[in-house]
$ cat start10.tsv   # TSV, N, CA and C atoms
chain	number	residue	atom	x	y	z
S	29	MET	N	-26.55	35.96	40.16
S	29	MET	CA	-25.79	34.83	39.72
S	29	MET	C	-26.17	33.60	40.55
S	30	ALA	N	-26.35	32.48	39.87
S	30	ALA	CA	-26.73	31.25	40.55
S	30	ALA	C	-25.51	30.62	41.20
S	31	LYS	N	-25.73	30.12	42.39
S	31	LYS	CA	-24.65	29.48	43.11
S	31	LYS	C	-24.43	28.09	42.52
S	32	GLN	N	-23.14	27.75	42.20
S	32	GLN	CA	-22.83	26.45	41.61
S	32	GLN	C	-22.81	25.39	42.70
S	33	LYS	N	-23.41	24.28	42.38
S	33	LYS	CA	-23.46	23.16	43.30
S	33	LYS	C	-22.18	22.33	43.12
S	34	ARG	N	-21.59	21.89	44.20
S	34	ARG	CA	-20.40	21.05	44.14
S	34	ARG	C	-20.82	19.60	44.34
S	35	TYR	N	-20.26	18.74	43.49
S	35	TYR	CA	-20.57	17.32	43.57
S	35	TYR	C	-19.32	16.56	44.00
S	36	SER	N	-19.52	15.52	44.74
S	36	SER	CA	-18.38	14.74	45.22
S	36	SER	C	-17.74	13.96	44.07
S	37	LEU	N	-16.51	13.57	44.28
S	37	LEU	CA	-15.78	12.81	43.27
S	37	LEU	C	-16.47	11.47	43.02
S	38	GLU	N	-16.96	10.87	44.05
S	38	GLU	CA	-17.66	9.59	43.92
S	38	GLU	C	-18.93	9.74	43.06
S	39	PHE	N	-19.68	10.80	43.27
S	39	PHE	CA	-20.89	11.07	42.49
S	39	PHE	C	-20.53	11.24	41.01
S	40	ARG	N	-19.48	12.02	40.74
S	40	ARG	CA	-19.07	12.27	39.36
S	40	ARG	C	-18.60	10.98	38.68
S	41	GLU	N	-17.84	10.15	39.42
S	41	GLU	CA	-17.36	8.88	38.85
S	41	GLU	C	-18.52	7.95	38.51
S	42	ARG	N	-19.53	7.87	39.40
S	42	ARG	CA	-20.70	7.03	39.12
S	42	ARG	C	-21.46	7.56	37.90
S	43	ALA	N	-21.59	8.86	37.81
S	43	ALA	CA	-22.28	9.47	36.67
S	43	ALA	C	-21.55	9.15	35.36
S	44	ILE	N	-20.24	9.23	35.38
S	44	ILE	CA	-19.45	8.94	34.17
S	44	ILE	C	-19.54	7.47	33.80
S	45	ARG	N	-19.52	6.57	34.81
S	45	ARG	CA	-19.67	5.15	34.53
S	45	ARG	C	-21.01	4.87	33.85
S	46	ARG	N	-22.06	5.50	34.35
S	46	ARG	CA	-23.39	5.33	33.74
S	46	ARG	C	-23.41	5.93	32.33
S	47	MET	N	-22.72	7.02	32.17
S	47	MET	CA	-22.66	7.69	30.86
S	47	MET	C	-21.96	6.79	29.83
S	48	LYS	N	-20.89	6.10	30.27
S	48	LYS	CA	-20.14	5.23	29.36
S	48	LYS	C	-20.91	3.97	28.99
S	49	LEU	N	-21.89	3.61	29.80
S	49	LEU	CA	-22.70	2.44	29.49
S	49	LEU	C	-23.58	2.66	28.27
S	50	GLY	N	-23.76	3.89	27.92
S	50	GLY	CA	-24.59	4.21	26.77
S	50	GLY	C	-25.94	4.73	27.22
S	51	GLY	N	-26.79	4.92	26.26
S	51	GLY	CA	-28.11	5.44	26.60
S	51	GLY	C	-28.21	6.92	26.30
S	52	ASN	N	-29.32	7.49	26.69
S	52	ASN	CA	-29.60	8.89	26.42
S	52	ASN	C	-28.94	9.76	27.49
S	53	ILE	N	-27.98	10.58	27.06
S	53	ILE	CA	-27.22	11.42	28.00
S	53	ILE	C	-28.10	12.53	28.57
S	54	SER	N	-29.00	13.07	27.76
S	54	SER	CA	-29.90	14.13	28.24
S	54	SER	C	-30.80	13.60	29.35
S	55	GLN	N	-31.30	12.40	29.17
S	55	GLN	CA	-32.16	11.78	30.19
S	55	GLN	C	-31.37	11.53	31.47
S	56	LEU	N	-30.13	11.06	31.34
S	56	LEU	CA	-29.28	10.84	32.51
S	56	LEU	C	-29.02	12.15	33.25
S	57	ALA	N	-28.77	13.21	32.49
S	57	ALA	CA	-28.51	14.52	33.12
S	57	ALA	C	-29.74	14.99	33.90
S	58	ARG	N	-30.95	14.83	33.32
S	58	ARG	CA	-32.17	15.22	34.01
S	58	ARG	C	-32.38	14.39	35.28
S	59	GLU	N	-32.07	13.11	35.17
S	59	GLU	CA	-32.23	12.21	36.30
S	59	GLU	C	-31.30	12.58	37.46
S	60	LEU	N	-30.06	12.97	37.11
S	60	LEU	CA	-29.09	13.34	38.15
S	60	LEU	C	-29.22	14.79	38.60
S	61	GLY	N	-29.94	15.60	37.82
S	61	GLY	CA	-30.13	17.00	38.15
S	61	GLY	C	-28.91	17.86	37.85
S	62	VAL	N	-28.18	17.50	36.78
S	62	VAL	CA	-27.01	18.30	36.36
S	62	VAL	C	-27.16	18.64	34.88
S	63	GLU	N	-26.39	19.59	34.45
S	63	GLU	CA	-26.38	19.95	33.02
S	63	GLU	C	-25.71	18.83	32.22
S	64	ARG	N	-26.23	18.63	31.02
S	64	ARG	CA	-25.67	17.62	30.13
S	64	ARG	C	-24.21	17.93	29.81
S	65	THR	N	-23.90	19.20	29.55
S	65	THR	CA	-22.53	19.59	29.24
S	65	THR	C	-21.60	19.35	30.42
S	66	CYS	N	-22.14	19.44	31.62
S	66	CYS	CA	-21.35	19.18	32.82
S	66	CYS	C	-20.87	17.73	32.85
S	67	LEU	N	-21.74	16.82	32.42
S	67	LEU	CA	-21.34	15.41	32.36
S	67	LEU	C	-20.16	15.21	31.41
S	68	TYR	N	-20.23	15.86	30.26
S	68	TYR	CA	-19.14	15.74	29.29
S	68	TYR	C	-17.83	16.35	29.83
S	69	ILE	N	-17.94	17.45	30.55
S	69	ILE	CA	-16.75	18.07	31.14
S	69	ILE	C	-16.13	17.13	32.18
S	70	TRP	N	-16.96	16.53	33.02
S	70	TRP	CA	-16.45	15.59	34.01
S	70	TRP	C	-15.75	14.41	33.32
S	71	LYS	N	-16.39	13.90	32.29
S	71	LYS	CA	-15.82	12.76	31.56
S	71	LYS	C	-14.47	13.12	30.97
S	72	ARG	N	-14.38	14.30	30.36
S	72	ARG	CA	-13.13	14.74	29.75
S	72	ARG	C	-12.03	14.89	30.81
S	73	LYS	N	-12.40	15.42	31.97
S	73	LYS	CA	-11.42	15.59	33.04
S	73	LYS	C	-10.97	14.24	33.60
S	74	MET	N	-11.91	13.30	33.74
S	74	MET	CA	-11.55	11.98	34.25
S	74	MET	C	-10.64	11.23	33.27
S	75	ASP	N	-10.88	11.41	31.98
S	75	ASP	CA	-10.06	10.75	30.96
S	75	ASP	C	-8.78	11.51	30.68
S	76	ARG	N	-8.64	12.67	31.36
S	76	ARG	CA	-7.47	13.55	31.20
S	76	ARG	C	-7.27	13.97	29.75
S	77	GLN	N	-8.35	14.35	29.11
S	77	GLN	CA	-8.29	14.85	27.74
S	77	GLN	C	-8.35	16.37	27.78
S	78	PRO	N	-7.56	17.03	26.92
S	78	PRO	CA	-7.63	18.48	26.88
S	78	PRO	C	-8.97	18.92	26.31
S	79	TYR	N	-9.43	20.07	26.74
S	79	TYR	CA	-10.72	20.58	26.26
S	79	TYR	C	-10.52	21.25	24.91
S	80	SER	N	-11.18	20.73	23.91
S	80	SER	CA	-11.18	21.36	22.59
S	80	SER	C	-12.40	20.85	21.84
S	81	ARG	N	-12.83	21.64	20.90
S	81	ARG	CA	-14.02	21.24	20.12
S	81	ARG	C	-13.67	20.17	19.10
S	82	VAL	N	-12.45	20.22	18.60
S	82	VAL	CA	-12.03	19.23	17.61
S	82	VAL	C	-11.51	18.01	18.36
S	83	GLY	N	-12.18	16.91	18.17
S	83	GLY	CA	-11.77	15.69	18.86
S	83	GLY	C	-10.66	14.99	18.11
S	84	ARG	N	-9.48	14.99	18.70
S	84	ARG	CA	-8.36	14.28	18.09
S	84	ARG	C	-8.22	12.95	18.81
S	85	PRO	N	-8.18	11.87	18.04
S	85	PRO	CA	-8.00	10.58	18.71
S	85	PRO	C	-6.59	10.50	19.30
S	86	LYS	N	-6.49	9.79	20.41
S	86	LYS	CA	-5.18	9.62	21.03
S	86	LYS	C	-4.30	8.80	20.10
S	87	GLN	N	-3.06	9.22	19.97
S	87	GLN	CA	-2.11	8.51	19.12
S	87	GLN	C	-1.46	7.41	19.95
S	88	ASP	N	-1.67	6.19	19.56
S	88	ASP	CA	-1.12	5.05	20.27
S	88	ASP	C	0.27	4.75	19.72
S	89	TRP	N	1.19	4.27	20.54
S	89	TRP	CA	2.54	3.97	20.08
S	89	TRP	C	2.52	2.86	19.03
S	90	ARG	N	1.54	1.97	19.13
S	90	ARG	CA	1.43	0.90	18.14
S	90	ARG	C	1.03	1.45	16.78
S	91	ASP	N	0.15	2.46	16.77
S	91	ASP	CA	-0.23	3.09	15.50
S	91	ASP	C	0.98	3.75	14.86
S	92	ASN	N	1.79	4.42	15.67
S	92	ASN	CA	3.01	5.05	15.13
S	92	ASN	C	3.94	4.00	14.54
S	93	ARG	N	4.10	2.89	15.25
S	93	ARG	CA	4.99	1.83	14.78
S	93	ARG	C	4.47	1.21	13.48
S	94	ILE	N	3.15	1.03	13.37
S	94	ILE	CA	2.56	0.48	12.16
S	94	ILE	C	2.81	1.41	10.98
S	95	GLU	N	2.60	2.71	11.17
S	95	GLU	CA	2.85	3.68	10.10
S	95	GLU	C	4.31	3.67	9.69
S	96	GLU	N	5.19	3.59	10.65
S	96	GLU	CA	6.63	3.55	10.38
S	96	GLU	C	7.00	2.32	9.56
S	97	LEU	N	6.46	1.16	9.94
S	97	LEU	CA	6.76	-0.08	9.23
S	97	LEU	C	6.14	-0.10	7.84
S	98	GLU	N	4.95	0.47	7.68
S	98	GLU	CA	4.34	0.54	6.35
S	98	GLU	C	5.16	1.41	5.42
S	99	ALA	N	5.70	2.52	5.93
S	99	ALA	CA	6.57	3.37	5.12
S	99	ALA	C	7.84	2.63	4.73
S	100	LYS	N	8.38	1.85	5.65
S	100	LYS	CA	9.59	1.08	5.36
S	100	LYS	C	9.30	0.02	4.29
S	101	ILE	N	8.17	-0.64	4.39
S	101	ILE	CA	7.79	-1.65	3.41
S	101	ILE	C	7.65	-1.02	2.03
S	102	THR	N	7.01	0.14	1.97
S	102	THR	CA	6.84	0.83	0.69
S	102	THR	C	8.20	1.17	0.08
S	103	ARG	N	9.12	1.68	0.92
S	103	ARG	CA	10.45	2.03	0.42
S	103	ARG	C	11.19	0.79	-0.09
S	104	LEU	N	11.12	-0.32	0.65
S	104	LEU	CA	11.80	-1.54	0.25
S	104	LEU	C	11.18	-2.15	-1.01
S	105	GLU	N	9.85	-2.05	-1.15
S	105	GLU	CA	9.22	-2.54	-2.37
S	105	GLU	C	9.69	-1.75	-3.58
S	106	GLY	N	9.90	-0.44	-3.40
S	106	GLY	CA	10.43	0.38	-4.49
S	106	GLY	C	11.83	-0.05	-4.88
S	107	ILE	N	12.67	-0.33	-3.89
S	107	ILE	CA	14.04	-0.78	-4.17
S	107	ILE	C	14.02	-2.12	-4.89
S	108	ILE	N	13.19	-3.05	-4.42
S	108	ILE	CA	13.09	-4.37	-5.05
S	108	ILE	C	12.58	-4.24	-6.48
S	109	GLY	N	11.62	-3.35	-6.70
S	109	GLY	CA	11.11	-3.14	-8.06
S	109	GLY	C	12.20	-2.63	-8.98
S	110	GLY	N	13.03	-1.71	-8.50
S	110	GLY	CA	14.14	-1.19	-9.31
S	110	GLY	C	15.14	-2.28	-9.63
S	111	GLN	N	15.45	-3.13	-8.64
S	111	GLN	CA	16.39	-4.22	-8.86
S	111	GLN	C	15.81	-5.24	-9.84
S	112	TRP	N	14.51	-5.46	-9.77
S	112	TRP	CA	13.85	-6.40	-10.68
S	112	TRP	C	13.97	-5.89	-12.12
S	113	LEU	N	13.78	-4.58	-12.31
S	113	LEU	CA	13.92	-4.01	-13.65
S	113	LEU	C	15.35	-4.14	-14.16
S	114	GLU	N	16.34	-3.88	-13.30
S	114	GLU	CA	17.73	-4.03	-13.70
S	114	GLU	C	18.05	-5.47	-14.07
S	115	LEU	N	17.58	-6.41	-13.27
S	115	LEU	CA	17.81	-7.82	-13.54
S	115	LEU	C	17.20	-8.22	-14.88
S	116	ASP	N	16.01	-7.78	-15.14
S	116	ASP	CA	15.33	-8.07	-16.40
S	116	ASP	C	16.12	-7.50	-17.58
S	117	PHE	N	16.63	-6.27	-17.42
S	117	PHE	CA	17.42	-5.63	-18.47
S	117	PHE	C	18.69	-6.44	-18.76
S	118	PHE	N	19.40	-6.82	-17.70
S	118	PHE	CA	20.65	-7.55	-17.90
S	118	PHE	C	20.42	-8.95	-18.46
S	119	GLU	N	19.34	-9.60	-18.06
S	119	GLU	CA	19.02	-10.92	-18.63
S	119	GLU	C	18.75	-10.82	-20.12
S	120	SER	N	17.99	-9.81	-20.53
S	120	SER	CA	17.71	-9.66	-21.96
S	120	SER	C	18.98	-9.29	-22.73
S	121	ALA	N	19.85	-8.46	-22.13
S	121	ALA	CA	21.11	-8.11	-22.79
S	121	ALA	C	22.00	-9.35	-22.92
S	122	LEU	N	22.03	-10.20	-21.91
S	122	LEU	CA	22.82	-11.43	-21.96
S	122	LEU	C	22.30	-12.36	-23.04
S	123	ARG	N	20.98	-12.48	-23.15
S	123	ARG	CA	20.39	-13.33	-24.19
S	123	ARG	C	20.78	-12.83	-25.58
S	124	ARG	N	20.76	-11.51	-25.78
S	124	ARG	CA	21.12	-10.95	-27.08
S	124	ARG	C	22.59	-11.20	-27.42
S	125	THR	N	23.47	-11.04	-26.43
S	125	THR	CA	24.90	-11.27	-26.70
S	125	THR	C	25.19	-12.74	-26.92
S	126	GLU	N	24.55	-13.65	-26.19
S	126	GLU	CA	24.74	-15.08	-26.41
S	126	GLU	C	24.25	-15.48	-27.80
S	127	GLY	N	23.19	-14.88	-28.25
S	127	GLY	CA	22.67	-15.17	-29.58
S	127	GLY	C	23.64	-14.75	-30.66
S	128	ARG	N	24.31	-13.65	-30.52
S	128	ARG	CA	25.29	-13.18	-31.50
S	128	ARG	C	26.51	-14.09	-31.54
S	129	VAL	N	26.98	-14.54	-30.39
S	129	VAL	CA	28.16	-15.41	-30.33
S	129	VAL	C	27.86	-16.72	-31.02
S	130	ARG	N	26.71	-17.28	-30.83
S	130	ARG	CA	26.34	-18.55	-31.45
S	130	ARG	C	26.25	-18.41	-32.97
S	131	LYS	N	25.71	-17.30	-33.43
S	131	LYS	CA	25.57	-17.10	-34.87
S	131	LYS	C	26.93	-16.97	-35.55
S	132	LYS	N	27.88	-16.33	-34.90
S	132	LYS	CA	29.19	-16.11	-35.50
S	132	LYS	C	30.00	-17.39	-35.61
S	133	SER	N	29.93	-18.26	-34.62
S	133	SER	CA	30.76	-19.46	-34.62
S	133	SER	C	30.17	-20.56	-35.47
S	134	GLY	N	28.98	-20.43	-35.89
S	134	GLY	CA	28.38	-21.42	-36.77
S	134	GLY	C	27.83	-22.59	-36.00
S	135	ASN	N	28.62	-23.69	-35.92
S	135	ASN	CA	28.12	-24.91	-35.29
S	135	ASN	C	28.36	-24.94	-33.77
S	136	GLY	N	28.96	-23.95	-33.24
S	136	GLY	CA	29.17	-23.91	-31.81
S	136	GLY	C	30.51	-24.50	-31.40
S	137	GLY	N	31.32	-24.97	-32.38
S	137	GLY	CA	32.63	-25.55	-32.06
S	137	GLY	C	33.67	-24.45	-31.88
S	138	LYS	N	34.95	-24.89	-31.74
S	138	LYS	CA	36.04	-23.94	-31.56
S	138	LYS	C	36.30	-23.20	-32.86
S	139	ALA	N	36.54	-21.93	-32.71
S	139	ALA	CA	36.92	-21.15	-33.88
S	139	ALA	C	38.44	-21.01	-33.86
S	140	SER	N	39.15	-21.95	-34.57
S	140	SER	CA	40.61	-21.89	-34.59
S	140	SER	C	41.12	-22.29	-35.97
S	141	THR	N	42.41	-22.08	-36.20
S	141	THR	CA	43.01	-22.44	-37.50
S	141	THR	C	43.57	-23.84	-37.40
S	142	PRO	N	43.62	-24.54	-38.53
S	142	PRO	CA	44.19	-25.90	-38.50
S	142	PRO	C	45.69	-25.85	-38.18
S	143	ARG	N	46.21	-26.94	-37.62
S	143	ARG	CA	47.62	-27.04	-37.28
S	143	ARG	C	48.46	-27.27	-38.51
S	144	SER	N	49.60	-26.71	-38.43
S	144	SER	CA	50.53	-26.96	-39.54
S	144	SER	C	51.06	-28.38	-39.43
S	145	GLU	N	51.36	-28.97	-40.59
S	145	GLU	CA	51.89	-30.33	-40.60
S	145	GLU	C	53.32	-30.34	-40.10
S	146	ALA	N	53.71	-31.47	-39.56
S	146	ALA	CA	55.07	-31.60	-39.09
S	146	ALA	C	56.02	-31.60	-40.29
S	147	GLY	N	57.10	-30.94	-40.16
S	147	GLY	CA	58.10	-30.89	-41.24
S	147	GLY	C	57.79	-29.83	-42.26
S	148	CYS	N	56.87	-29.01	-42.03
S	148	CYS	CA	56.52	-27.95	-42.96
S	148	CYS	C	57.64	-26.94	-42.94
S	149	GLU	N	58.03	-26.45	-44.09
S	149	GLU	CA	59.15	-25.52	-44.17
S	149	GLU	C	58.64	-24.11	-44.06
S	150	ARG	N	58.78	-23.60	-42.87
S	150	ARG	CA	58.37	-22.22	-42.65
S	150	ARG	C	59.49	-21.49	-41.93
S	151	LYS	N	59.52	-20.25	-42.09
S	151	LYS	CA	60.55	-19.45	-41.45
S	151	LYS	C	60.02	-18.86	-40.15
S	152	ALA	N	59.80	-19.66	-39.16
S	152	ALA	CA	59.32	-19.15	-37.90
S	152	ALA	C	60.47	-18.90	-36.93
S	153	ASP	N	61.63	-19.51	-37.20
S	153	ASP	CA	62.73	-19.37	-36.26
S	153	ASP	C	63.45	-18.11	-36.49
$ encode --input "start10.tsv" --output "structure tokens"
Amino acid sequence: MAKQKRYSLEFRERAIRRMKLGGNISQLARELGVERTCLYIWKRKMDRQPYSRVGRPKQDWRDNRIEELEAKITRLEGIIGGQWLELDFFESALRRTEGRVRKKSGNGGKASTPRSEAGCERKAD
């Protein structure tokens, strides 16, 4: 079994800084004399990311808030759309009823009976 070499924290931090600058990671590993996978392990440990093959992006609180607000907007747009439909329905119903009232009264004046003449002999008492 090969004896594992221990590297100082300062060495690992410099290696990770160079790694983050970009470039060919395999070439950097050869230059430093370490395994390429070792560089990735150091980087993951420095960034305090759990080791897994599936890379899950970190969930930011702002992303959560944006999703929450988008859901709220969608819900409110649905409510407004329903109210808009109700308003449209009631406006059309009002127009239909106003049209019927106008047709029945004829000229739009009062619909009442003429007054009786004064002195008319009726048995109202």
$ residues_around --input "start10.tsv" --residues "Cys66 (chain S)" --least-positions-apart "3" --cutoff "12 Å" --atoms "only C-alpha atoms" --output "JSON list (two decimals) with N, CA and C atoms, in the coordinates of the input"
[["chain", "number", "residue", "atom", "x", "y", "z"],
["S", 32, "GLN", "N", -23.14, 27.75, 42.20],
["S", 32, "GLN", "CA", -22.83, 26.45, 41.61],
["S", 32, "GLN", "C", -22.81, 25.39, 42.70],
["S", 33, "LYS", "N", -23.41, 24.28, 42.38],
["S", 33, "LYS", "CA", -23.46, 23.16, 43.30],
["S", 33, "LYS", "C", -22.18, 22.33, 43.12],
["S", 34, "ARG", "N", -21.59, 21.89, 44.20],
["S", 34, "ARG", "CA", -20.40, 21.05, 44.14],
["S", 34, "ARG", "C", -20.82, 19.60, 44.34],
["S", 35, "TYR", "N", -20.26, 18.74, 43.49],
["S", 35, "TYR", "CA", -20.57, 17.32, 43.57],
["S", 35, "TYR", "C", -19.32, 16.56, 44.00],
["S", 40, "ARG", "N", -19.48, 12.02, 40.74],
["S", 40, "ARG", "CA", -19.07, 12.27, 39.36],
["S", 40, "ARG", "C", -18.60, 10.98, 38.68],
["S", 43, "ALA", "N", -21.59, 8.86, 37.81],
["S", 43, "ALA", "CA", -22.28, 9.47, 36.67],
["S", 43, "ALA", "C", -21.55, 9.15, 35.36],
["S", 44, "ILE", "N", -20.24, 9.23, 35.38],
["S", 44, "ILE", "CA", -19.45, 8.94, 34.17],
["S", 44, "ILE", "C", -19.54, 7.47, 33.80],
["S", 47, "MET", "N", -22.72, 7.02, 32.17],
["S", 47, "MET", "CA", -22.66, 7.69, 30.86],
["S", 47, "MET", "C", -21.96, 6.79, 29.83],
["S", 53, "ILE", "N", -27.98, 10.58, 27.06],
["S", 53, "ILE", "CA", -27.22, 11.42, 28.00],
["S", 53, "ILE", "C", -28.10, 12.53, 28.57],
["S", 54, "SER", "N", -29.00, 13.07, 27.76],
["S", 54, "SER", "CA", -29.90, 14.13, 28.24],
["S", 54, "SER", "C", -30.80, 13.60, 29.35],
["S", 56, "LEU", "N", -30.13, 11.06, 31.34],
["S", 56, "LEU", "CA", -29.28, 10.84, 32.51],
["S", 56, "LEU", "C", -29.02, 12.15, 33.25],
["S", 57, "ALA", "N", -28.77, 13.21, 32.49],
["S", 57, "ALA", "CA", -28.51, 14.52, 33.12],
["S", 57, "ALA", "C", -29.74, 14.99, 33.90],
["S", 58, "ARG", "N", -30.95, 14.83, 33.32],
["S", 58, "ARG", "CA", -32.17, 15.22, 34.01],
["S", 58, "ARG", "C", -32.38, 14.39, 35.28],
["S", 60, "LEU", "N", -30.06, 12.97, 37.11],
["S", 60, "LEU", "CA", -29.09, 13.34, 38.15],
["S", 60, "LEU", "C", -29.22, 14.79, 38.60],
["S", 61, "GLY", "N", -29.94, 15.60, 37.82],
["S", 61, "GLY", "CA", -30.13, 17.00, 38.15],
["S", 61, "GLY", "C", -28.91, 17.86, 37.85],
["S", 62, "VAL", "N", -28.18, 17.50, 36.78],
["S", 62, "VAL", "CA", -27.01, 18.30, 36.36],
["S", 62, "VAL", "C", -27.16, 18.64, 34.88],
["S", 63, "GLU", "N", -26.39, 19.59, 34.45],
["S", 63, "GLU", "CA", -26.38, 19.95, 33.02],
["S", 63, "GLU", "C", -25.71, 18.83, 32.22],
["S", 69, "ILE", "N", -17.94, 17.45, 30.55],
["S", 69, "ILE", "CA", -16.75, 18.07, 31.14],
["S", 69, "ILE", "C", -16.13, 17.13, 32.18],
["S", 70, "TRP", "N", -16.96, 16.53, 33.02],
["S", 70, "TRP", "CA", -16.45, 15.59, 34.01],
["S", 70, "TRP", "C", -15.75, 14.41, 33.32],
["S", 71, "LYS", "N", -16.39, 13.90, 32.29],
["S", 71, "LYS", "CA", -15.82, 12.76, 31.56],
["S", 71, "LYS", "C", -14.47, 13.12, 30.97],
["S", 72, "ARG", "N", -14.38, 14.30, 30.36],
["S", 72, "ARG", "CA", -13.13, 14.74, 29.75],
["S", 72, "ARG", "C", -12.03, 14.89, 30.81],
["S", 73, "LYS", "N", -12.40, 15.42, 31.97],
["S", 73, "LYS", "CA", -11.42, 15.59, 33.04],
["S", 73, "LYS", "C", -10.97, 14.24, 33.60]]
$ select_by_dssp --input "start10.tsv" --residues "region 36-123 of chain S" --states "alpha helix (DSSP H)" --output "ChimeraX atom specification"
/S:37-48,53-60,64-74,89-123
$ atom_distance --input "start10.tsv" --atom1 "atom C of Thr102 (chain S)" --atom2 "CA of Ala121 (chain S)"
27.9 Å
$ atom_distance --input "start10.tsv" --atom1 "CA of Tyr68 (chain S)" --atom2 "atom N of Arg45 (chain S)"
10.7 Å
$ atom_distance --input "start10.tsv" --atom1 "CA of Arg90 (chain S)" --atom2 "atom C of Glu41 (chain S)"
29.4 Å
